Every structure is written in structure tokens, then in C-alpha cells.
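**Student:** Take a look at the following structure, please.
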Amino acid sequence: TSRGSGSSASVFPDGFVWGAATAAYQIEGAAAEDGRGPSIWDTFSKVPGNVADGHTGDVACDHYHRYAEDVRLMAGLGLAAYRFSVAWPRILPTGAGRVNAAGLDFYDRLVDELLGHGITPYPTLYHWDLPQALEDAGGWAARDTAHRFADFAAVVHDRLGDRVGTWTTLNEPWVAAFLGYCSGVHAPGRRDPAAAFRAAHHLLLGHGLAAWALRAAGAAEVALTLNLAPVIQSGDGHEEAARVDALMNRQFLDPALRGRYPEEVLEIAARHGGLGHIRDGDLAVIHQPIDLLGINYYNPSFVSAAPGEPANPAFPGTEGIRFDPPTGPTTAMDWPIEPSGLETLLVRLSRDYPEVGLLVTENGAAFDDHLVDDADRDADGDFDGDVVKGTVHDDDRIGYLDGHLRAAHAAISAGADLRGYLVWSLLDNFEWAYGYHKRFGIVYIDFETQRRVPKDSALWYRDVIERNGLRSA
Ligand code: GBH
């Protein structure tokens, strides 16, 4: 495991927001209950071959029914913030038109339960579960979807706006566009680079329209969450790293925070279907002032120049670039463990986009966890009196989180305006194309019985939150 470079105790600034994150399709289950319509992930996960072992989100963590127990668990850990996503097809079963009151009722109950336990809700409006009816009408490749998204945002704000201060529009539009519409490993499983560039633009447009609508309705804070990573080039040159950085990071950062696309992105998109979908005025809509940039960081990308190499399936325009396999320690996803990447990223963002506050909205790791089932344990202290049966000794995850928090602390010391940190994830859950095989939770889920077992990392995290920092390493 990697524990970063710091060795002394690290105390975070007063008011630093500690929390955990999840997403609707990954945890809720109850896929056909209370009027929820189908999303692209319901459709996609039912096609054999798309998700490992045919897993789906039909039941997941059954959070839809167990949310009160899950909020108690959060309170027991001392979380100040909980980031969840709102399932669009619960609110608007066909994506537009008729509002399903029962869907709004669920998030209303969840928000009240959180506030009742002193936990601040951080809803995200889109974490990849597009209503299937909108996909049938063209999905994110169609411009109309951006407008439908802004309408959805307004409906949710109308119900929860009196109790929710910070609103995040999108989670990781790069993943939604390029894994959904280009490599096809995510829903809706399309393999069309031109559609992916259109989807990316319409996601950004949807962000801008929704940000405007939320602000007009009185939202206190508006945020956008991106998957961001330093791109590190081995061998000579830096042109290859710059191109991948433009596609993955700046394709979203620059329109949202500066009102323009990087030249490299325009040039590559022009060769993949053209730029006809970008209309006059769109970039002004996309460039709404936002309060917070949400950062999902897992690992850096490593690339090198490799003449003759075909383009990566998720990165049109990367002919001649090799995405190098990790050489050091990795997680169960085979993702490299590189905490310094988080410091580099945070420092760069605060230098290049100084006007926006930063919040780590996801960071965490999957490891090969084993439930040790034989001990009853009153999770040293208590989870509201619940005796927890079993334990998971996930020192590797503690090492990952410790290293990344030390990196975050170093970035703050270097001047980054980092306001908080939300671990991915509260619960083991449906890890997209990997199904239930990859466990990112600090709380273990037995998917047969739905038993929740806080892992050692959860108890470690509780201690971090309590002391607002890390012990000396
Ligand atoms: C997040 O996605 C999701 O928001 C969350 O739902 C998910 O469960 C969690 O992470 C864990 O996967 O250079 O092609 O290798 C993270 C998606 C995966 C995007 C790694 C960037 C590397 C790009 N990230 N990926 S590549």
C-alpha cells in the first residue's frame, strides 16, 4: 500500500466537509417500483455480455427500502455530508412530461432523514441513468435531451430546494459520452465517435441550462463534477499527454469554466462528424458561473508516443498514443495507486481555474475484501446501538485513503481551495460493467442478505472525521 509522502499529523481547515458518495442506479434497486420508468442502464444491463455475469441494478443494495438504516449508518460514522444521485426515471418515467410524485417522495424522505441526523445532502442530478424513452429519441447525441435535463432539474429543485443548498448537475460527462457512445462499455452501448462528441456537447449544454434554471430558482450553490486526472507521459515529448489531457480533462473544464473548447478537441471533433452541433451562443450558456468543481480522482493516466498505434476506443483522435499499463501497485480494478496525482491535480486546478471552489466528490478504491463472519462486534463505540456481526480487514483501502488524504492536505498547504472530501463509496454497490464483483464501499454489503458491515476503513474514517485530520504516519 502507498501512504504518500507526509509523515506528521495533518489537520484539515475548520469546516472541511467530510462525507461519502453513492449513485442511484448503483444502490437503490426497486427498479420497477412506485412508477419508476426504465433507464438506459436497465436496458443495457439486461443484454447478455454487457455486464459481468449478467448482473443488473434491479435489487442492488435495496437502498430504496433501507435508506433509513443507511442514514443511521452514516450518522454512526460521523459523516457531515452525503452525496447521492436522483434517478431521473423515478421523477419523470419517460424523461419528460408527467411527473411521478412517488419518485419525488422518496428523495423527500431521504433528505429529511439526512437532515434529521445532521447530515447535509449533496444531490447530483445525473449519474448516468438516462430515461430509456429519451435514449429512444436520440439520447445525449440529440440536442433536445439538454433541454429535458434542465426541466428535470427544475422539477427536483421545486420539491427539495427548501432543504438542499448545493446542487450538482452532472457526474462525469466524459464517461457518459465516451464510454456510453464511443467505446460502448457503458449504457447505451453505442460505438460512434461522432455521437460521442455530440453527446459531450449536449451534456455540457444541459449542465449550463440546468445551472441557469437552478440559480433562477434560488439554489445557493451550483456544482459540476468531472472525472479528472493528470496525464503523465513516459519517454520523450509531451504532445501525446497534452492531447489526452485535452480530450479527458479540458474538453469539459474549459467550456464550463472559461467558455471555450480546447483547439485540439475542436480539431479532433471536426474529423469525427464535424462541429455542426455547436451553435452560436452555446458556450455562453455552458459557461455559467458555478460555485464548486467536483473532482472524481482515482489515478493518473500514463501515456507514451507509439507511432502506428490505433486510437483508444474511448479516445477518438489518439492514434499514435499508447495508454501504458501500470507498473507500480494497483487496486482490484488494476488501476494504479498514485496519491501524488491528487495533489498535482488539485494544485493545477486552483492555478488554472482560480475562480471556482474545489470539492473531491469521489476518491476511493476496490480491493479484494473478505468478510470475517465469526465475531460479533459492537463497532467500538456504537452505530446507534446496533451490534454489527462480522468485520472486514481492509488495510489496503485504509492505505489508499490515507495516502490520498495526505495528498489533499499537501495541496491545501500549497494553496488549493479544497472545501471537502467525499469517499467513494459508502456501500459496496453495482460497479457498472463489473457488476457486484468490485467492492468500493467502506461498508460491506452481503448481497444475499443485504446485511451491512462497516469495514475497518469505515471505523478508520470515523476517526479521521472526528479529529478533522490524520494521525502521524
Ligand atoms: C466513477 O467513475 C463513477 O462516478 C462511479 O459511479 C464509479 O462507481 C466509480 O468511479 C468507480 O469506478 O484513461 O481510459 O483508463 C470513474 C470512471 C474510470 C474514468 C477510470 C476514468 C480512466 C480513463 N473513471 N477512467 S482511461
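Ligands are numbered from 1 in the order shown, chains are lettered A, B, ... in the order of the C-alpha cells, and residues start at 1 in each chain.
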Just want the residues within 9 Å of ligand 1, written as a VMD selection string, counting only C-alpha atoms and all ligand atoms.
**Tutor:** chain A and resid 22 to 23 25 to 26 127 to 128 171 to 172 174 to 175 179 225 to 229 231 244 248 296 to 303 312 to 315 323 333 335 361 to 366 424 to 425 429 to 432 438 440
**Student:** Name all residues at most 12 Å from Thr43 (chain A) (count only C-alpha atoms; drop same-chain ones fewer than 6 positions away) and give them as an MDAnalysis selection string.
**Tutor:** chainID A and resid 31 37 50:51 54:58 129:133 135:136 186:189
**Student:** Which polymer residues have any atom within 10 Å of an atom of Arg198 (chain A), counting only C-alpha atoms, with same-chain residues fewer than 5 positions away left out, as a PyMOL selection string?
**Tutor:** chain A and resi 140-143+177+181+193+203-204+269+272-278
**Student:** Atoms to include: N, CA and C atoms. Write the selected residues as a PDB file, in the first residue's frame.
**Tutor:**
```pdb
ATOM      1  N   TRP A 140     -28.240  11.474 -25.513  1.00  0.00           N
ATOM      2  CA  TRP A 140     -27.435  12.699 -25.389  1.00  0.00           C
ATOM      3  C   TRP A 140     -26.889  13.169 -26.728  1.00  0.00           C
ATOM      4  N   ALA A 141     -26.922  12.312 -27.743  1.00  0.00           N
ATOM      5  CA  ALA A 141     -26.499  12.773 -29.073  1.00  0.00           C
ATOM      6  C   ALA A 141     -27.509  13.757 -29.661  1.00  0.00           C
ATOM      7  N   ALA A 142     -28.711  13.790 -29.086  1.00  0.00           N
ATOM      8  CA  ALA A 142     -29.750  14.727 -29.536  1.00  0.00           C
ATOM      9  C   ALA A 142     -29.784  15.958 -28.630  1.00  0.00           C
ATOM     10  N   ARG A 143     -29.857  17.111 -29.253  1.00  0.00           N
ATOM     11  CA  ARG A 143     -29.818  18.379 -28.524  1.00  0.00           C
ATOM     12  C   ARG A 143     -30.975  18.532 -27.544  1.00  0.00           C
ATOM     13  N   ALA A 177     -20.419  10.323 -22.068  1.00  0.00           N
ATOM     14  CA  ALA A 177     -20.325  10.498 -23.525  1.00  0.00           C
ATOM     15  C   ALA A 177     -19.434   9.440 -24.175  1.00  0.00           C
ATOM     16  N   TYR A 181     -21.179   6.295 -25.600  1.00  0.00           N
ATOM     17  CA  TYR A 181     -21.462   6.480 -27.033  1.00  0.00           C
ATOM     18  C   TYR A 181     -20.259   6.193 -27.935  1.00  0.00           C
ATOM     19  N   PRO A 193     -18.003   7.566 -32.624  1.00  0.00           N
ATOM     20  CA  PRO A 193     -17.270   8.740 -32.128  1.00  0.00           C
ATOM     21  C   PRO A 193     -17.988  10.059 -32.374  1.00  0.00           C
ATOM     22  N   LEU A 203     -24.324  17.264 -23.126  1.00  0.00           N
ATOM     23  CA  LEU A 203     -24.218  17.159 -21.670  1.00  0.00           C
ATOM     24  C   LEU A 203     -23.784  18.507 -21.091  1.00  0.00           C
ATOM     25  N   LEU A 204     -22.779  19.113 -21.696  1.00  0.00           N
ATOM     26  CA  LEU A 204     -22.330  20.429 -21.222  1.00  0.00           C
ATOM     27  C   LEU A 204     -23.445  21.462 -21.347  1.00  0.00           C
ATOM     28  N   ALA A 269     -12.778  16.663 -33.062  1.00  0.00           N
ATOM     29  CA  ALA A 269     -14.229  16.522 -33.280  1.00  0.00           C
ATOM     30  C   ALA A 269     -14.580  16.859 -34.732  1.00  0.00           C
ATOM     31  N   HIS A 272     -14.411  13.948 -36.754  1.00  0.00           N
ATOM     32  CA  HIS A 272     -15.317  12.858 -36.346  1.00  0.00           C
ATOM     33  C   HIS A 272     -16.746  13.375 -36.328  1.00  0.00           C
ATOM     34  N   GLY A 273     -17.251  13.701 -37.497  1.00  0.00           N
ATOM     35  CA  GLY A 273     -18.657  14.105 -37.582  1.00  0.00           C
ATOM     36  C   GLY A 273     -18.873  15.606 -37.701  1.00  0.00           C
ATOM     37  N   GLY A 274     -17.813  16.393 -37.495  1.00  0.00           N
ATOM     38  CA  GLY A 274     -17.946  17.836 -37.695  1.00  0.00           C
ATOM     39  C   GLY A 274     -18.398  18.559 -36.436  1.00  0.00           C
ATOM     40  N   LEU A 275     -18.555  19.885 -36.606  1.00  0.00           N
ATOM     41  CA  LEU A 275     -18.862  20.747 -35.457  1.00  0.00           C
ATOM     42  C   LEU A 275     -20.240  21.395 -35.575  1.00  0.00           C
ATOM     43  N   GLY A 276     -21.058  20.847 -36.471  1.00  0.00           N
ATOM     44  CA  GLY A 276     -22.364  21.462 -36.744  1.00  0.00           C
ATOM     45  C   GLY A 276     -23.301  21.511 -35.550  1.00  0.00           C
ATOM     46  N   HIS A 277     -23.030  20.657 -34.563  1.00  0.00           N
ATOM     47  CA  HIS A 277     -23.917  20.633 -33.387  1.00  0.00           C
ATOM     48  C   HIS A 277     -23.615  21.757 -32.401  1.00  0.00           C
ATOM     49  N   ILE A 278     -22.489  22.459 -32.583  1.00  0.00           N
ATOM     50  CA  ILE A 278     -22.135  23.558 -31.667  1.00  0.00           C
ATOM     51  C   ILE A 278     -22.689  24.858 -32.249  1.00  0.00           C
TER      52      ILE A 278
END
```
**Student:** Need the shell around Gly399 (chain A): protein/DNA/RNA residues with any atom at most 12 Å away, counting only C-alpha atoms. Skip same-chain ones fewer than 3 positions apart. Format as a list of chain:residue names?
**Tutor:** A:Thr1, A:Ser2, A:Arg3, A:Gly4, A:Pro329, A:Thr331, A:Ile337, A:Glu338, A:Pro339, A:Gly364, A:Ala365, A:Phe367, A:His393, A:Asp394, A:Asp395, A:Asp396, A:Asp402, A:Gly403, A:His404, A:Leu405, A:Arg406, A:Asp456, A:Ser457, A:Trp460, A:Tyr461, A:Leu470, A:Ala473
**Student:** Which distance in Å separates CA of Ala102 (chain A) and CA of Val155 (chain A), to one decimal?
**Tutor:**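 Atom-to-atom, CA of Ala102 (chain A) to CA of Val155 (chain A), that is 13.3 Å.
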**Student:** One number please: CA of Ala137 (chain A) to CA of His157 (chain A), in Å, one decimal.
**Tutor:**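 About the pair CA of Ala137 (chain A) and CA of His157 (chain A): they are 25.0 Å apart.
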**Student:** CA of Phe106 (chain A) to CA of Pro123 (chain A): how many Å, to one decimal?
**Tutor:**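 Computing the Euclidean distance for CA of Phe106 (chain A) and CA of Pro123 (chain A) yields 13.0 Å.
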**Student:** Give me every alpha helix (DSSP H) residue in region 98-320 of chain A, going by DSSP on the backbone, as number ranges by chain.
**Tutor:** A: 101-116, 132-136, 144-160, 173-174, 180-181, 193-216, 239-245, 251-258, 263-270, 282-286
